[in-house]
Amino acid sequence: MSEPATLIETPAVPSAEDSAAAAEKAAAHAALKLEKRLVRQVAQAIGDFGLIEDGDKVMVCVSGGKDSYAMLDVLRMLQQRNGNRFELIAVNLDQKQPGFPAHVLPDYLAKAGVPFHIETQDTYSVVKEHIPEGKTMCSLCSRLRRGILYRVADELGCTKIALGHHRDDMLQTFFLNMFFGGKLKGMPPKVQSDRGDHLIIRPLAYVAEDDLSRWADIRAFPIIPCTLCGSQENLQRKQIGQMLRDWQQLYPGRIENMAVALRNLVPSHFMDPRQFDFAGMVPNGVQDADGDKAFDPPAFPAQAVGTLAGLSVMPR
């Protein structure tokens with residue numbers, strides 16, 4: 001007798017509708033995961049640095065770029081989840097740049113139900129008048145913008161001014177100051193204004209720029225490009241930004257490590273006598289975990305430590 005034929009089942013091919021549904025579900029899951037990360041990181045920054053307190057009225061500076069849109073979005077989520085214990089008001093400075101779509105932000109903010117104020121000041125003409133063609137406009141533009149925003153904060157009764165600088169901005173500022181300013185100085189998450197009468201906060205201090213770009217795409221923010229400085233392609237900040245991106249591509253995780261380093265300073269291992277009393281240092285008999293180490297590995301195998309313990313090692 002012959003063996004019975006074995007039927008081979010052909011795997012079902014997903015329909016176009018099934019594939020689309022699966023892709024939509026995956027995208028929704030990724031968006032929710034990103035939202036949770038953004039909310040967690042902003043909440044952590046607020047807690048770590050005391051950025052927002054109950055009763056605060058926060059002026060959220062919204063430029064029309066992805067960062068400030070995302071900052072406003074996440075702060076609104078936290079505001080709602082915390083029972084509206086602080087106020088938010090979005091403020092945009094219309095600098096009268098040619099072609100600036102003045103209706104975009106008011107339309108977006110009104111539709112979103114966000115209290116807002118549009119301040120119109122022709123700083124564009126002032127900058128163009130005083131800065132020669134081809135020169136960097138950022139310095140004068142930012143000074144004019146800060147002065148106007150401080151005044152508006154007073155007029156609106158705001159207790160904090162929130163800016164949309166993110167983790168990558170802070171690293172870029174650190175390297176800009178080191179390479180071009182001769183200082184180890186960064187961009188703090190909380191700082192007094194130049195005059196000492198306002199508190200500036202940066203709730204996105206822990207947030208990666210790539211995440212903000214993804215969130216802007218997910219939320220479909222109506223992005224407004226800055227035609228005043230956005231066309232200046234050779235700015236030092238852009239060069240530093242490219243350097244960091246290149247490093248990250250070659251050595252994944254480097255940006256994360258550098259961001260953590262900004263929160264782990266060891267004053268005794270720099271060279272600034274204003275920050276550490278080198279002249280007055282004497283042996284105190286207290287063991288120091290850092291001690292005479294610059295970049296030694298954090299740990300050695302126990303057997304190696306035992307073998308070397310009795311050896312006389314010349315200092316490097």
# chains A, B, ... in the order shown; residues from 1 in each chain; ligands from 1
$ residues_around --residues "Ile118 (chain A)" --least-positions-apart "4" --cutoff "9 Å" --atoms "only C-alpha atoms" --output "list in words"
Ala90, Val91, Asn92, Leu93, Asp94, Leu105 and Pro106 of chain A
$ write_last_selection --atoms "C-alpha atoms" --output "compact mmCIF listing (two decimals), in the first residue's frame"
# COMPACT_ATOMS: atom_id res chain seq x y z
CA ALA A 90 2.97 80.72 25.70
CA VAL A 91 4.79 83.81 24.45
CA ASN A 92 6.09 84.40 20.96
CA LEU A 93 8.22 87.31 19.82
CA ASP A 94 7.35 88.29 16.26
CA LEU A 105 1.40 80.31 16.05
CA PRO A 106 -1.77 82.17 17.12
$ select_by_dssp --residues "region 25-222 of chain A" --states "strand (DSSP E)" --output "VMD selection string"
chain A and resid 57 to 61 87 to 94 116 to 120 160 to 162 190 to 192 199 to 201
$ write_last_selection --atoms "C-alpha atoms" --output "PDB file, in the first residue's frame"
ATOM      1  CA  LYS A  57       3.300  81.218  36.368  1.00  0.00           C
ATOM      2  CA  VAL A  58       5.663  79.989  33.658  1.00  0.00           C
ATOM      3  CA  MET A  59       6.237  81.979  30.496  1.00  0.00           C
ATOM      4  CA  VAL A  60       6.929  79.351  27.826  1.00  0.00           C
ATOM      5  CA  CYS A  61       8.894  80.971  25.024  1.00  0.00           C
ATOM      6  CA  GLU A  87       0.158  78.181  35.170  1.00  0.00           C
ATOM      7  CA  LEU A  88       1.514  78.254  31.644  1.00  0.00           C
ATOM      8  CA  ILE A  89       1.368  81.054  29.121  1.00  0.00           C
ATOM      9  CA  ALA A  90       2.973  80.716  25.702  1.00  0.00           C
ATOM     10  CA  VAL A  91       4.792  83.810  24.451  1.00  0.00           C
ATOM     11  CA  ASN A  92       6.090  84.397  20.956  1.00  0.00           C
ATOM     12  CA  LEU A  93       8.223  87.312  19.820  1.00  0.00           C
ATOM     13  CA  ASP A  94       7.350  88.290  16.263  1.00  0.00           C
ATOM     14  CA  PHE A 116      -0.750  82.974  24.784  1.00  0.00           C
ATOM     15  CA  HIS A 117       0.679  86.400  24.069  1.00  0.00           C
ATOM     16  CA  ILE A 118       2.278  87.550  20.814  1.00  0.00           C
ATOM     17  CA  GLU A 119       4.795  90.371  21.238  1.00  0.00           C
ATOM     18  CA  THR A 120       5.586  92.241  18.024  1.00  0.00           C
ATOM     19  CA  LYS A 160       9.757  81.709  35.527  1.00  0.00           C
ATOM     20  CA  ILE A 161      10.841  81.968  31.886  1.00  0.00           C
ATOM     21  CA  ALA A 162      11.114  78.573  30.150  1.00  0.00           C
ATOM     22  CA  LYS A 190      18.279  77.075  35.941  1.00  0.00           C
ATOM     23  CA  VAL A 191      19.924  80.491  36.053  1.00  0.00           C
ATOM     24  CA  GLN A 192      19.268  84.111  36.935  1.00  0.00           C
ATOM     25  CA  LEU A 199      14.695  82.971  36.730  1.00  0.00           C
ATOM     26  CA  ILE A 200      15.377  81.204  33.435  1.00  0.00           C
ATOM     27  CA  ILE A 201      14.620  77.474  33.293  1.00  0.00           C
TER      28      ILE A 201
END
$ select_by_dssp --residues "region 149-310 of chain A" --states "alpha helix (DSSP H)" --output "ChimeraX atom specification"
/A:149-156,167-180,209-219,236-250,254-261,302-308
$ closest_residue --among "A:Phe49, A:Phe276, A:Tyr108, A:Phe86" --to "Pro222 (chain A)" --atoms "only C-alpha atoms"
A:Tyr108
$ closest_residue --among "A:Ser268, A:Lys238, A:Asp168, A:Gly157" --to "Glu256 (chain A)" --atoms "only C-alpha atoms"
A:Asp168
$ residues_around --residues "region 173-186 of chain A" --least-positions-apart "4" --cutoff "9 Å" --atoms "only C-alpha atoms" --output "PyMOL selection string"
chain A and resi 168-169+236-237+240+262
$ write_last_selection --atoms "C-alpha atoms" --output "PDB file, in the first residue's frame"
ATOM      1  CA  ASP A 168      22.506  68.587  22.871  1.00  0.00           C
ATOM      2  CA  ASP A 169      22.367  72.395  23.078  1.00  0.00           C
ATOM      3  CA  GLN A 236      30.456  77.730  15.232  1.00  0.00           C
ATOM      4  CA  ARG A 237      27.527  76.094  17.016  1.00  0.00           C
ATOM      5  CA  ILE A 240      30.243  71.798  17.110  1.00  0.00           C
ATOM      6  CA  LEU A 262      28.137  67.569  33.116  1.00  0.00           C
TER       7      LEU A 262
END
$ residues_around --residues "region 282-291 of chain A" --least-positions-apart "4" --cutoff "9 Å" --atoms "only C-alpha atoms" --output "list in words"
Val266, His269 and Phe278 of chain A
$ closest_residue --among "A:Leu156, A:Met281, A:Ala30, A:Leu212" --to "Pro115 (chain A)" --atoms "only C-alpha atoms"
A:Leu156
$ residues_around --residues "Leu244 (chain A)" --least-positions-apart "2" --cutoff "9 Å" --atoms "only C-alpha atoms" --output "PDB file with N, CA and C atoms, in the first residue's frame"
ATOM      1  N   ASP A 168      21.469  68.388  23.879  1.00  0.00           N
ATOM      2  CA  ASP A 168      22.506  68.587  22.871  1.00  0.00           C
ATOM      3  C   ASP A 168      22.942  70.047  22.811  1.00  0.00           C
ATOM      4  N   LEU A 171      25.465  70.525  25.618  1.00  0.00           N
ATOM      5  CA  LEU A 171      26.790  70.000  25.290  1.00  0.00           C
ATOM      6  C   LEU A 171      27.499  70.894  24.276  1.00  0.00           C
ATOM      7  N   GLN A 172      26.774  71.367  23.285  1.00  0.00           N
ATOM      8  CA  GLN A 172      27.376  72.263  22.297  1.00  0.00           C
ATOM      9  C   GLN A 172      27.912  73.521  22.972  1.00  0.00           C
ATOM     10  N   GLN A 239      28.991  73.826  13.671  1.00  0.00           N
ATOM     11  CA  GLN A 239      30.195  73.015  13.517  1.00  0.00           C
ATOM     12  C   GLN A 239      30.373  72.091  14.712  1.00  0.00           C
ATOM     13  N   ILE A 240      30.145  72.627  15.903  1.00  0.00           N
ATOM     14  CA  ILE A 240      30.243  71.798  17.110  1.00  0.00           C
ATOM     15  C   ILE A 240      29.172  70.717  17.094  1.00  0.00           C
ATOM     16  N   GLY A 241      27.969  71.073  16.658  1.00  0.00           N
ATOM     17  CA  GLY A 241      26.891  70.097  16.573  1.00  0.00           C
ATOM     18  C   GLY A 241      27.242  68.947  15.642  1.00  0.00           C
ATOM     19  N   GLN A 242      27.870  69.272  14.511  1.00  0.00           N
ATOM     20  CA  GLN A 242      28.281  68.226  13.581  1.00  0.00           C
ATOM     21  C   GLN A 242      29.371  67.357  14.188  1.00  0.00           C
ATOM     22  N   ASP A 246      29.134  63.352  14.665  1.00  0.00           N
ATOM     23  CA  ASP A 246      30.151  62.454  14.125  1.00  0.00           C
ATOM     24  C   ASP A 246      30.677  61.535  15.225  1.00  0.00           C
ATOM     25  N   TRP A 247      30.943  62.090  16.386  1.00  0.00           N
ATOM     26  CA  TRP A 247      31.413  61.275  17.512  1.00  0.00           C
ATOM     27  C   TRP A 247      30.390  60.204  17.872  1.00  0.00           C
ATOM     28  N   GLN A 248      29.133  60.611  17.915  1.00  0.00           N
ATOM     29  CA  GLN A 248      28.079  59.668  18.283  1.00  0.00           C
ATOM     30  C   GLN A 248      27.977  58.530  17.272  1.00  0.00           C
ATOM     31  N   GLN A 249      28.188  58.863  16.006  1.00  0.00           N
ATOM     32  CA  GLN A 249      28.120  57.832  14.972  1.00  0.00           C
ATOM     33  C   GLN A 249      29.288  56.864  15.092  1.00  0.00           C
ATOM     34  N   ARG A 254      28.389  58.067  23.224  1.00  0.00           N
ATOM     35  CA  ARG A 254      29.311  59.103  23.708  1.00  0.00           C
ATOM     36  C   ARG A 254      28.559  60.347  24.173  1.00  0.00           C
ATOM     37  N   ILE A 255      27.535  60.762  23.440  1.00  0.00           N
ATOM     38  CA  ILE A 255      26.786  61.953  23.849  1.00  0.00           C
ATOM     39  C   ILE A 255      26.140  61.725  25.211  1.00  0.00           C
TER      40      ILE A 255
END
$ closest_residue --among "A:Phe270, A:Tyr206, A:Phe221, A:Tyr251" --to "Ser63 (chain A)" --atoms "only C-alpha atoms"
A:Phe221
$ closest_residue --among "A:Asp217, A:Asp211, A:Glu155, A:Asp292" --to "Lys33 (chain A)" --atoms "only C-alpha atoms"
A:Asp211
$ residues_around --residues "Ala220 (chain A)" --least-positions-apart "4" --cutoff "12 Å" --atoms "only C-alpha atoms" --output "PyMOL selection string"
chain A and resi 65-66+69-70+73+108+212-216
$ atom_distance --atom1 "CA of Gln80 (chain A)" --atom2 "CA of Val39 (chain A)"
11.9 Å
$ residues_around --residues "His166 (chain A)" --least-positions-apart "2" --cutoff "7 Å" --atoms "only C-alpha atoms" --output "PyMOL selection string"
chain A and resi 164+168-170+204-209
$ closest_residue --among "A:Pro98, A:Gly47, A:Gly55, A:Gly113" --to "Pro189 (chain A)" --atoms "only C-alpha atoms"
A:Gly47
$ atom_distance --atom1 "CA of Ser68 (chain A)" --atom2 "CA of Leu163 (chain A)"
7.1 Å
